[in-house]
Amino acid sequence: MKNKILFNVSVVSLIFSLSASLHAQTKTLTLLKSIEIACDSSLQAFSSKNLYLARYWEYRTFKAGRLPSLTLNTNPLQYSREIIKEYDSKDNMNFYRNQQELSSSAQLSISQNVDLTGGTVYLESSLGFLRTYGAETKNQYTTVPVRLRYSQSLFGFNSFKWEKRLEPLKFEKAKRQFLYTKEEISETVIRYFFNLAMAQKEYDLALEYVASADTLYRIGMERQKIVAISQADLLTLELDAVNARNSLQNSEMSLKRAMFSLASYLNMDEDTHITLQLPERPGTLTITADEALRYAQENNPDYLSYKQELLTAEREVEYTRKNSNFSASLSASVGFNQFGNTLSRAYQDFSQQNVFGLSLSIPLVDWGIRKGKANMARNNLNVTKLSIQQQYVKLEQDITMTVGDFNTQQNLIASAERAMKLADQAYNVTKQRFIIGKADLNSLTLSQNRQNTAQKNYIYALSNYWQNYYKLRKLTLFDFEKNKTLSFMFDALMNIR
């Protein structure tokens, strides 16, 4: 009676579970469809795209900075009325007087940075107006129709040269990092997918186990009546039936958690009911460690990161070295200017305007601060080189090991599939033999355990295969099935115009 009640409770629980599933949104997913949804709709995909866009506009800003810029500087109106102090050279004395004036000025300037030298060249034109009030109102205009000006830091640090080397490198790394993150997303969703597949398989096995355990227990009770089975074996069958129901409840909770994790990662509704279609056993795909290493060196963003780290350290060495000596700057301009009481007069008979300036800053005593900074930068460069070398070795070892795991996994899938079919056949035969009394309980239990293990091992083998394959895609940014780099999908993924 107790067993019958427990069985009915399990059936009612299952009915409620199925009823809830029917009311929830049902979604059937394949592995590739799950990857597609994750790469398009997951929060990680959204974050990755926006990180790339930030780098994209940063690079656009850098490119714009390499182009000539046109600037208008103007002071449209300035009026003053005040008492000022003025010196009279005739009487050799200062005196105060009232002053009232109105002025306006404008300057149009085109500037261009020079990457090679680190200087800036300017082409300028300006116009100024001054009106003074007093016993007589006077107007004056001053003009600079054209002036060519150049400013340059001598022997100093050329930031433009380093930006030209670093910014394109950072942008290229950002593009590859976007593709790298996409493959990371694929790896993650594969893990969630097969976690759910394993939970689903364990739930299905638990359902089968409940039905099988109840059937065997009823057969055992009938056989015990004719003393064809011992009391100990009958109790074992009853225990198996109770344990089967407990396992069903535990597997149901695990299934819900796994389903929620996948739905949440795919940015679906929490109550979405997901059913999975496991991928077929993949065909043979041979990948060698040498070709994987070659593709990684060509495409992996980590290699660009290492190069960026090295360039940044070298940049710091040059910066501290050049700043540890004296600094000098040069400024020179050549052009024309004029002034007059009328605007037309200010644009006649131009006078040549030449300006040249040289400034020096020479450190005399700084107690070794500049030298210390230069030595620190050189030491940091050496540490960076050593660290990069170690990272190279670690990355190449990871690639080589992943290739080995992937190639091994292909053989394991075939073996796991064969083992699963054999375990199914063996269990069915043993179960029938037990029903007719030609097999004992231990043989049946052992056969069932082997069947469960074989089915789980097949899912593990599939999971490991796809995990390793997409890890190789991530490390190399190369599609080994289509035999081309993943950069071909970049524009389609970003949809940038």
# chains A, B, ... in the order shown; residues from 1 in each chain; ligands from 1
$ residues_around --residues "region 163-180 of chain A" --least-positions-apart "3" --cutoff "7 Å" --atoms "only C-alpha atoms" --output "MDAnalysis selection string"
chainID A and resid 48:49 52 55:56 59 159:160 183:184 300:301 304 308 474 477
$ write_last_selection --atoms "N, CA and C atoms" --output "mmCIF file, in the first residue's frame"
data_model
loop_
_atom_site.group_PDB
_atom_site.id
_atom_site.type_symbol
_atom_site.label_atom_id
_atom_site.label_comp_id
_atom_site.auth_asym_id
_atom_site.auth_seq_id
_atom_site.Cartn_x
_atom_site.Cartn_y
_atom_site.Cartn_z
ATOM 1 N N SER A 48 30.270 42.795 -25.941
ATOM 2 C CA SER A 48 31.396 42.674 -26.862
ATOM 3 C C SER A 48 31.262 43.640 -28.030
ATOM 4 N N LYS A 49 30.067 43.741 -28.570
ATOM 5 C CA LYS A 49 29.850 44.633 -29.709
ATOM 6 C C LYS A 49 30.093 46.086 -29.320
ATOM 7 N N TYR A 52 33.770 46.860 -28.933
ATOM 8 C CA TYR A 52 34.401 47.064 -30.241
ATOM 9 C C TYR A 52 34.050 48.446 -30.789
ATOM 10 N N ARG A 55 36.218 51.095 -29.423
ATOM 11 C CA ARG A 55 37.545 51.104 -30.057
ATOM 12 C C ARG A 55 37.451 51.636 -31.484
ATOM 13 N N TYR A 56 36.350 51.349 -32.162
ATOM 14 C CA TYR A 56 36.162 51.814 -33.541
ATOM 15 C C TYR A 56 36.164 53.343 -33.597
ATOM 16 N N TYR A 59 39.521 54.815 -32.900
ATOM 17 C CA TYR A 59 40.393 54.781 -34.074
ATOM 18 C C TYR A 59 39.981 55.845 -35.083
ATOM 19 N N SER A 159 55.269 62.144 -29.978
ATOM 20 C CA SER A 159 54.079 61.342 -29.665
ATOM 21 C C SER A 159 53.334 60.915 -30.925
ATOM 22 N N PHE A 160 53.393 61.766 -31.980
ATOM 23 C CA PHE A 160 52.687 61.435 -33.215
ATOM 24 C C PHE A 160 53.230 60.144 -33.835
ATOM 25 N N GLU A 183 33.752 33.494 -30.235
ATOM 26 C CA GLU A 183 34.049 32.074 -30.044
ATOM 27 C C GLU A 183 34.006 31.691 -28.567
ATOM 28 N N GLU A 184 34.357 32.627 -27.688
ATOM 29 C CA GLU A 184 34.187 32.375 -26.248
ATOM 30 C C GLU A 184 32.721 32.177 -25.902
ATOM 31 N N ASN A 300 45.315 35.334 -33.909
ATOM 32 C CA ASN A 300 44.959 35.431 -32.495
ATOM 33 C C ASN A 300 45.260 36.833 -31.952
ATOM 34 N N PRO A 301 44.276 37.483 -31.283
ATOM 35 C CA PRO A 301 44.512 38.833 -30.764
ATOM 36 C C PRO A 301 45.564 38.891 -29.671
ATOM 37 N N LEU A 304 48.800 40.184 -30.963
ATOM 38 C CA LEU A 304 48.801 41.642 -31.106
ATOM 39 C C LEU A 304 48.902 42.323 -29.739
ATOM 40 N N GLN A 308 51.626 44.989 -28.691
ATOM 41 C CA GLN A 308 51.246 46.285 -28.125
ATOM 42 C C GLN A 308 51.954 46.530 -26.796
ATOM 43 N N LYS A 474 38.558 29.555 -31.477
ATOM 44 C CA LYS A 474 38.852 30.763 -30.705
ATOM 45 C C LYS A 474 40.339 31.087 -30.726
ATOM 46 N N LEU A 477 41.126 31.693 -34.626
ATOM 47 C CA LEU A 477 40.189 32.492 -35.423
ATOM 48 C C LEU A 477 40.139 31.960 -36.855
#
$ residues_around --residues "Ser387 (chain A)" --least-positions-apart "4" --cutoff "12 Å" --atoms "only C-alpha atoms" --output "JSON, numbers by chain"
{"A": [306, 307, 309, 310, 380, 381, 382, 383, 391, 392, 393, 394]}
$ write_last_selection --atoms "C-alpha atoms" --output "mmCIF file, in the first residue's frame"
data_model
loop_
_atom_site.group_PDB
_atom_site.id
_atom_site.type_symbol
_atom_site.label_atom_id
_atom_site.label_comp_id
_atom_site.auth_asym_id
_atom_site.auth_seq_id
_atom_site.Cartn_x
_atom_site.Cartn_y
_atom_site.Cartn_z
ATOM 1 C CA TYR A 306 51.992 41.082 -26.838
ATOM 2 C CA LYS A 307 53.192 43.377 -29.621
ATOM 3 C CA GLU A 309 52.740 45.643 -24.680
ATOM 4 C CA LEU A 310 56.234 45.638 -26.158
ATOM 5 C CA ASN A 380 60.186 47.415 -17.179
ATOM 6 C CA LEU A 381 60.968 46.801 -20.847
ATOM 7 C CA ASN A 382 63.163 43.831 -19.940
ATOM 8 C CA VAL A 383 60.450 42.427 -17.654
ATOM 9 C CA GLN A 391 53.049 33.987 -22.565
ATOM 10 C CA TYR A 392 54.071 32.900 -26.070
ATOM 11 C CA VAL A 393 55.174 29.520 -24.735
ATOM 12 C CA LYS A 394 52.021 29.092 -22.634
#
$ residues_around --residues "Leu422 (chain A)" --least-positions-apart "2" --cutoff "12 Å" --atoms "only C-alpha atoms" --output "list in words"
Ser415, Ala416, Glu417, Arg418, Ala419, Met420, Asp424, Gln425, Ala426, Tyr427, Asn428, Val429, Ser447, Gln448, Arg450, Gln451, Asn452, Thr453, Ala454 and Gln455 of chain A
$ write_last_selection --atoms "C-alpha atoms" --output "compact mmCIF listing (two decimals), in the first residue's frame"
# COMPACT_ATOMS: atom_id res chain seq x y z
CA SER A 415 33.87 4.33 -29.46
CA ALA A 416 31.29 5.93 -27.14
CA GLU A 417 28.55 5.55 -29.74
CA ARG A 418 29.43 1.89 -30.26
CA ALA A 419 29.53 1.28 -26.50
CA MET A 420 26.12 2.92 -26.07
CA ASP A 424 21.43 -0.89 -24.78
CA GLN A 425 21.34 -4.31 -26.41
CA ALA A 426 22.94 -5.99 -23.39
CA TYR A 427 20.49 -4.40 -20.95
CA ASN A 428 17.43 -5.34 -23.00
CA VAL A 429 18.63 -8.95 -23.27
CA SER A 447 23.72 -4.21 -17.00
CA GLN A 448 21.53 -1.21 -16.23
CA ARG A 450 26.53 0.00 -17.80
CA GLN A 451 23.73 1.26 -20.01
CA ASN A 452 23.40 4.51 -18.04
CA THR A 453 27.16 5.06 -18.06
CA ALA A 454 27.44 4.39 -21.79
CA GLN A 455 24.68 6.87 -22.66
$ closest_residue --among "A:Phe326, A:Phe129, A:Tyr87, A:Tyr217" --to "Ser103 (chain A)" --atoms "only C-alpha atoms"
A:Phe129
$ closest_residue --among "A:Gln249, A:Ser80, A:Ser151, A:Gln100" --to "Glu136 (chain A)" --atoms "only C-alpha atoms"
A:Gln100
$ residues_around --residues "Glu36 (chain A)" --least-positions-apart "4" --cutoff "10 Å" --atoms "only C-alpha atoms" --output "PyMOL selection string"
chain A and resi 30-32+40-42+182+185-186+189+266
$ write_last_selection --atoms "N, CA and C atoms" --output "mmCIF file, in the first residue's frame"
data_model
loop_
_atom_site.group_PDB
_atom_site.id
_atom_site.type_symbol
_atom_site.label_atom_id
_atom_site.label_comp_id
_atom_site.auth_asym_id
_atom_site.auth_seq_id
_atom_site.Cartn_x
_atom_site.Cartn_y
_atom_site.Cartn_z
ATOM 1 N N THR A 30 18.836 23.306 -31.690
ATOM 2 C CA THR A 30 20.012 22.520 -32.053
ATOM 3 C C THR A 30 21.240 23.225 -31.489
ATOM 4 N N LEU A 31 22.376 22.579 -31.563
ATOM 5 C CA LEU A 31 23.591 23.200 -31.052
ATOM 6 C C LEU A 31 23.939 24.455 -31.839
ATOM 7 N N LEU A 32 23.893 24.380 -33.172
ATOM 8 C CA LEU A 32 24.247 25.535 -33.993
ATOM 9 C C LEU A 32 23.247 26.680 -33.800
ATOM 10 N N ASP A 40 24.064 36.462 -30.954
ATOM 11 C CA ASP A 40 23.261 37.611 -31.371
ATOM 12 C C ASP A 40 22.556 38.293 -30.204
ATOM 13 N N SER A 41 22.090 37.521 -29.221
ATOM 14 C CA SER A 41 21.183 38.078 -28.213
ATOM 15 C C SER A 41 21.692 38.038 -26.785
ATOM 16 N N SER A 42 22.777 37.339 -26.514
ATOM 17 C CA SER A 42 23.237 37.242 -25.136
ATOM 18 C C SER A 42 23.814 38.580 -24.659
ATOM 19 N N LYS A 182 33.376 36.194 -29.620
ATOM 20 C CA LYS A 182 32.274 35.425 -30.212
ATOM 21 C C LYS A 182 32.515 33.928 -30.023
ATOM 22 N N ILE A 185 31.863 32.991 -26.508
ATOM 23 C CA ILE A 185 30.423 32.841 -26.288
ATOM 24 C C ILE A 185 29.974 31.465 -26.775
ATOM 25 N N SER A 186 30.492 31.040 -27.929
ATOM 26 C CA SER A 186 30.147 29.716 -28.454
ATOM 27 C C SER A 186 30.571 28.622 -27.480
ATOM 28 N N VAL A 189 28.088 28.644 -24.505
ATOM 29 C CA VAL A 189 26.755 28.106 -24.790
ATOM 30 C C VAL A 189 26.822 26.606 -25.059
ATOM 31 N N LEU A 266 20.848 32.674 -23.052
ATOM 32 C CA LEU A 266 20.373 33.032 -24.385
ATOM 33 C C LEU A 266 19.423 34.232 -24.348
#
$ residues_around --residues "Gln353 (chain A)" --least-positions-apart "3" --cutoff "7 Å" --atoms "only C-alpha atoms" --output "ChimeraX atom specification"
/A:334-337
$ write_last_selection --atoms "N, CA and C atoms" --output "compact mmCIF listing (two decimals), in the first residue's frame"
# COMPACT_ATOMS: atom_id res chain seq x y z
N VAL A 334 56.36 82.96 -41.07
CA VAL A 334 56.62 83.96 -42.11
C VAL A 334 55.28 84.32 -42.74
N GLY A 335 55.09 85.62 -43.01
CA GLY A 335 53.81 86.04 -43.58
C GLY A 335 53.83 87.53 -43.86
N PHE A 336 52.64 88.11 -43.97
CA PHE A 336 52.50 89.53 -44.27
C PHE A 336 51.46 90.11 -43.33
N ASN A 337 51.63 91.42 -43.06
CA ASN A 337 50.62 92.11 -42.27
C ASN A 337 50.58 93.58 -42.64
$ atom_distance --atom1 "CA of Tyr470 (chain A)" --atom2 "CA of Gln25 (chain A)"
29.4 Å
$ residues_around --residues "region 480-486 of chain A" --least-positions-apart "6" --cutoff "8 Å" --atoms "only C-alpha atoms" --output "PyMOL selection string"
chain A and resi 179+285+287+299+473
$ write_last_selection --atoms "N, CA and C atoms" --output "short mmCIF file (atom, residue, chain, number, x, y, z; two decimals), in the first residue's frame"
data_model
loop_
_atom_site.label_atom_id
_atom_site.label_comp_id
_atom_site.auth_asym_id
_atom_site.auth_seq_id
_atom_site.Cartn_x
_atom_site.Cartn_y
_atom_site.Cartn_z
N LEU A 179 35.94 38.94 -32.57
CA LEU A 179 35.75 37.58 -33.08
C LEU A 179 36.14 36.54 -32.03
N LEU A 285 37.76 15.20 -39.11
CA LEU A 285 38.39 16.48 -39.45
C LEU A 285 39.79 16.47 -38.87
N ILE A 287 43.29 18.03 -37.98
CA ILE A 287 43.96 19.31 -37.72
C ILE A 287 45.33 19.01 -37.12
N ASN A 299 46.26 35.25 -36.59
CA ASN A 299 44.94 35.78 -36.28
C ASN A 299 44.66 36.05 -34.81
N ARG A 473 38.87 27.08 -32.70
CA ARG A 473 38.42 28.23 -33.50
C ARG A 473 38.74 29.54 -32.78
#
$ select_by_dssp --residues "region 163-288 of chain A" --states "strand (DSSP E or B)" --output "ChimeraX atom specification"
/A:273-277
$ closest_atom_pairs --of "region 150-255 of chain A" --to "region 313-325 of chain A" --cutoff "9 Å" --atoms "only C-alpha atoms" --output "JSON lines"
{"residue": "A:Phe155", "atom": "CA", "partner": "A:Lys322", "partner_atom": "CA", "distance": 7.0}
{"residue": "A:Gly156", "atom": "CA", "partner": "A:Lys322", "partner_atom": "CA", "distance": 5.6}
{"residue": "A:Phe157", "atom": "CA", "partner": "A:Tyr319", "partner_atom": "CA", "distance": 5.6}
{"residue": "A:Asn158", "atom": "CA", "partner": "A:Tyr319", "partner_atom": "CA", "distance": 8.4}
{"residue": "A:Ser159", "atom": "CA", "partner": "A:Tyr319", "partner_atom": "CA", "distance": 8.8}
{"residue": "A:Trp162", "atom": "CA", "partner": "A:Arg315", "partner_atom": "CA", "distance": 6.9}
$ residues_around --residues "Asn98 (chain A)" --least-positions-apart "5" --cutoff "8 Å" --atoms "only C-alpha atoms" --output "count of residues only"
4
$ select_by_dssp --residues "region 6-107 of chain A" --states "helix (DSSP H, G or I)" --output "compact mmCIF listing (two decimals) with N, CA and C atoms, in the first residue's frame"
# COMPACT_ATOMS: atom_id res chain seq x y z
N LEU A 6 3.34 5.92 -2.91
CA LEU A 6 4.53 6.61 -3.42
C LEU A 6 4.52 6.69 -4.94
N PHE A 7 4.09 5.60 -5.55
CA PHE A 7 4.03 5.58 -7.02
C PHE A 7 3.02 6.62 -7.52
N ASN A 8 1.85 6.69 -6.86
CA ASN A 8 0.83 7.65 -7.28
C ASN A 8 1.31 9.08 -7.11
N VAL A 9 2.05 9.35 -5.99
CA VAL A 9 2.61 10.69 -5.78
C VAL A 9 3.55 11.06 -6.91
N SER A 10 4.38 10.11 -7.32
CA SER A 10 5.33 10.37 -8.42
C SER A 10 4.59 10.66 -9.71
N VAL A 11 3.54 9.90 -9.97
CA VAL A 11 2.77 10.11 -11.20
C VAL A 11 2.10 11.48 -11.18
N VAL A 12 1.50 11.84 -10.04
CA VAL A 12 0.86 13.16 -9.93
C VAL A 12 1.88 14.28 -10.12
N SER A 13 3.06 14.11 -9.50
CA SER A 13 4.13 15.11 -9.65
C SER A 13 4.53 15.26 -11.10
N LEU A 14 4.63 14.14 -11.79
CA LEU A 14 5.01 14.17 -13.20
C LEU A 14 3.94 14.86 -14.03
N ILE A 15 2.65 14.58 -13.72
CA ILE A 15 1.56 15.19 -14.47
C ILE A 15 1.58 16.71 -14.30
N PHE A 16 1.79 17.18 -13.05
CA PHE A 16 1.87 18.63 -12.81
C PHE A 16 3.04 19.24 -13.56
N SER A 17 4.17 18.52 -13.57
CA SER A 17 5.35 19.02 -14.26
C SER A 17 5.10 19.17 -15.75
N LEU A 18 4.44 18.14 -16.34
CA LEU A 18 4.13 18.20 -17.76
C LEU A 18 3.12 19.30 -18.06
N SER A 19 2.16 19.49 -17.16
CA SER A 19 1.16 20.54 -17.36
C SER A 19 1.79 21.91 -17.35
N ALA A 20 2.75 22.12 -16.42
CA ALA A 20 3.45 23.41 -16.36
C ALA A 20 4.26 23.64 -17.63
N SER A 21 4.84 22.56 -18.15
CA SER A 21 5.64 22.68 -19.37
C SER A 21 4.78 23.08 -20.55
N LEU A 22 3.53 22.57 -20.60
CA LEU A 22 2.65 22.89 -21.71
C LEU A 22 2.27 24.36 -21.72
N HIS A 23 2.13 24.95 -20.52
CA HIS A 23 1.77 26.37 -20.44
C HIS A 23 2.98 27.27 -20.73
N LEU A 31 22.38 22.58 -31.56
CA LEU A 31 23.59 23.20 -31.05
C LEU A 31 23.94 24.45 -31.84
N LEU A 32 23.89 24.38 -33.17
CA LEU A 32 24.25 25.54 -33.99
C LEU A 32 23.25 26.68 -33.80
N LYS A 33 21.97 26.35 -33.63
CA LYS A 33 20.97 27.40 -33.39
C LYS A 33 21.22 28.07 -32.05
N SER A 34 21.59 27.31 -31.04
CA SER A 34 21.90 27.89 -29.73
C SER A 34 23.08 28.84 -29.83
N ILE A 35 24.10 28.44 -30.57
CA ILE A 35 25.28 29.31 -30.75
C ILE A 35 24.88 30.59 -31.48
N GLU A 36 24.04 30.45 -32.50
CA GLU A 36 23.60 31.62 -33.26
C GLU A 36 22.84 32.60 -32.38
N ILE A 37 21.93 32.09 -31.56
CA ILE A 37 21.15 32.96 -30.66
C ILE A 37 22.06 33.64 -29.65
N ALA A 38 22.99 32.87 -29.07
CA ALA A 38 23.89 33.43 -28.05
C ALA A 38 24.76 34.54 -28.64
N CYS A 39 25.27 34.34 -29.84
CA CYS A 39 26.15 35.34 -30.47
C CYS A 39 25.39 36.58 -30.90
N ASP A 40 24.06 36.46 -30.95
CA ASP A 40 23.26 37.61 -31.37
C ASP A 40 22.56 38.29 -30.20
N SER A 41 22.09 37.52 -29.22
CA SER A 41 21.18 38.08 -28.21
C SER A 41 21.69 38.04 -26.78
N LEU A 43 23.83 38.76 -23.36
CA LEU A 43 24.39 39.99 -22.78
C LEU A 43 25.87 40.12 -23.09
N GLN A 44 26.58 39.00 -23.12
CA GLN A 44 28.01 39.03 -23.43
C GLN A 44 28.24 39.49 -24.87
N ALA A 45 27.36 39.08 -25.79
CA ALA A 45 27.47 39.52 -27.17
C ALA A 45 27.22 41.03 -27.28
N PHE A 46 26.23 41.51 -26.55
CA PHE A 46 25.93 42.95 -26.54
C PHE A 46 27.12 43.75 -26.01
N SER A 47 27.71 43.27 -24.92
CA SER A 47 28.85 43.94 -24.34
C SER A 47 30.04 43.93 -25.29
N SER A 48 30.27 42.80 -25.94
CA SER A 48 31.40 42.67 -26.86
C SER A 48 31.26 43.64 -28.03
N LYS A 49 30.07 43.74 -28.57
CA LYS A 49 29.85 44.63 -29.71
C LYS A 49 30.09 46.09 -29.32
N ASN A 50 29.63 46.47 -28.14
CA ASN A 50 29.80 47.87 -27.73
C ASN A 50 31.25 48.17 -27.36
N LEU A 51 31.98 47.20 -26.85
CA LEU A 51 33.40 47.41 -26.61
C LEU A 51 34.14 47.64 -27.92
N TYR A 52 33.77 46.86 -28.93
CA TYR A 52 34.40 47.06 -30.24
C TYR A 52 34.05 48.45 -30.79
N LEU A 53 32.78 48.86 -30.68
CA LEU A 53 32.38 50.15 -31.22
C LEU A 53 33.13 51.30 -30.54
N ALA A 54 33.41 51.13 -29.25
CA ALA A 54 34.19 52.16 -28.54
C ALA A 54 35.59 52.26 -29.15
N ARG A 55 36.22 51.10 -29.42
CA ARG A 55 37.54 51.10 -30.06
C ARG A 55 37.45 51.64 -31.48
N TYR A 56 36.35 51.35 -32.16
CA TYR A 56 36.16 51.81 -33.54
C TYR A 56 36.16 53.34 -33.60
N TRP A 57 35.39 53.96 -32.71
CA TRP A 57 35.33 55.42 -32.72
C TRP A 57 36.62 56.05 -32.18
N GLU A 58 37.30 55.34 -31.33
CA GLU A 58 38.61 55.80 -30.89
C GLU A 58 39.59 55.85 -32.06
N TYR A 59 39.52 54.82 -32.90
CA TYR A 59 40.39 54.78 -34.07
C TYR A 59 39.98 55.84 -35.08
N ARG A 60 38.67 56.05 -35.25
CA ARG A 60 38.22 57.11 -36.15
C ARG A 60 38.71 58.47 -35.68
N THR A 61 38.73 58.67 -34.37
CA THR A 61 39.25 59.93 -33.83
C THR A 61 40.74 60.08 -34.14
N PHE A 62 41.47 58.96 -34.02
CA PHE A 62 42.90 59.00 -34.35
C PHE A 62 43.11 59.35 -35.82
N LYS A 63 42.32 58.73 -36.71
CA LYS A 63 42.46 59.01 -38.14
C LYS A 63 42.11 60.46 -38.44
N ALA A 64 41.09 60.97 -37.78
CA ALA A 64 40.72 62.37 -37.99
C ALA A 64 41.82 63.32 -37.53
N GLY A 65 42.54 62.92 -36.48
CA GLY A 65 43.64 63.74 -35.99
C GLY A 65 44.82 63.80 -36.94
$ atom_distance --atom1 "CA of Asn354 (chain A)" --atom2 "CA of Ser153 (chain A)"
19.5 Å
$ decode --residues "region 335-354 of chain A" --atoms "N, CA and C atoms" --output "short mmCIF file (atom, residue, chain, number, x, y, z; two decimals), in the first residue's frame"
data_model
loop_
_atom_site.label_atom_id
_atom_site.label_comp_id
_atom_site.auth_asym_id
_atom_site.auth_seq_id
_atom_site.Cartn_x
_atom_site.Cartn_y
_atom_site.Cartn_z
N GLY A 335 55.09 85.62 -43.01
CA GLY A 335 53.81 86.04 -43.58
C GLY A 335 53.83 87.53 -43.86
N PHE A 336 52.64 88.11 -43.97
CA PHE A 336 52.50 89.53 -44.27
C PHE A 336 51.46 90.11 -43.33
N ASN A 337 51.63 91.42 -43.06
CA ASN A 337 50.62 92.11 -42.27
C ASN A 337 50.58 93.58 -42.64
N GLN A 338 49.51 94.26 -42.20
CA GLN A 338 49.33 95.67 -42.50
C GLN A 338 48.24 96.20 -41.59
N PHE A 339 48.17 97.55 -41.46
CA PHE A 339 47.08 98.17 -40.72
C PHE A 339 46.68 99.43 -41.47
N GLY A 340 45.51 99.94 -41.20
CA GLY A 340 45.03 101.15 -41.85
C GLY A 340 43.76 101.62 -41.21
N ASN A 341 43.38 102.87 -41.60
CA ASN A 341 42.17 103.47 -41.04
C ASN A 341 40.90 102.93 -41.71
N THR A 342 41.10 102.28 -42.84
CA THR A 342 39.97 101.67 -43.54
C THR A 342 40.32 100.21 -43.84
N LEU A 343 39.28 99.43 -44.11
CA LEU A 343 39.52 98.02 -44.38
C LEU A 343 40.30 97.83 -45.66
N SER A 344 40.00 98.63 -46.67
CA SER A 344 40.72 98.48 -47.94
C SER A 344 42.19 98.88 -47.78
N ARG A 345 42.45 99.89 -46.97
CA ARG A 345 43.84 100.31 -46.75
C ARG A 345 44.63 99.23 -46.00
N ALA A 346 43.95 98.46 -45.15
CA ALA A 346 44.63 97.41 -44.40
C ALA A 346 45.01 96.23 -45.28
N TYR A 347 44.48 96.21 -46.51
CA TYR A 347 44.83 95.13 -47.43
C TYR A 347 45.69 95.64 -48.59
N GLN A 348 46.47 96.71 -48.37
CA GLN A 348 47.36 97.26 -49.39
C GLN A 348 48.78 97.37 -48.83
N ASP A 349 49.74 97.22 -49.74
CA ASP A 349 51.16 97.43 -49.39
C ASP A 349 51.55 96.64 -48.14
N PHE A 350 51.43 95.35 -48.24
CA PHE A 350 51.72 94.51 -47.08
C PHE A 350 53.19 94.56 -46.70
N SER A 351 53.41 94.48 -45.41
CA SER A 351 54.77 94.39 -44.87
C SER A 351 55.05 92.92 -44.52
N GLN A 352 56.28 92.52 -44.71
CA GLN A 352 56.63 91.13 -44.38
C GLN A 352 56.74 90.98 -42.87
N GLN A 353 56.21 89.86 -42.40
CA GLN A 353 56.21 89.58 -40.95
C GLN A 353 57.00 88.30 -40.72
N ASN A 354 58.05 88.36 -39.97
CA ASN A 354 58.88 87.19 -39.65
C ASN A 354 59.03 87.08 -38.15
#
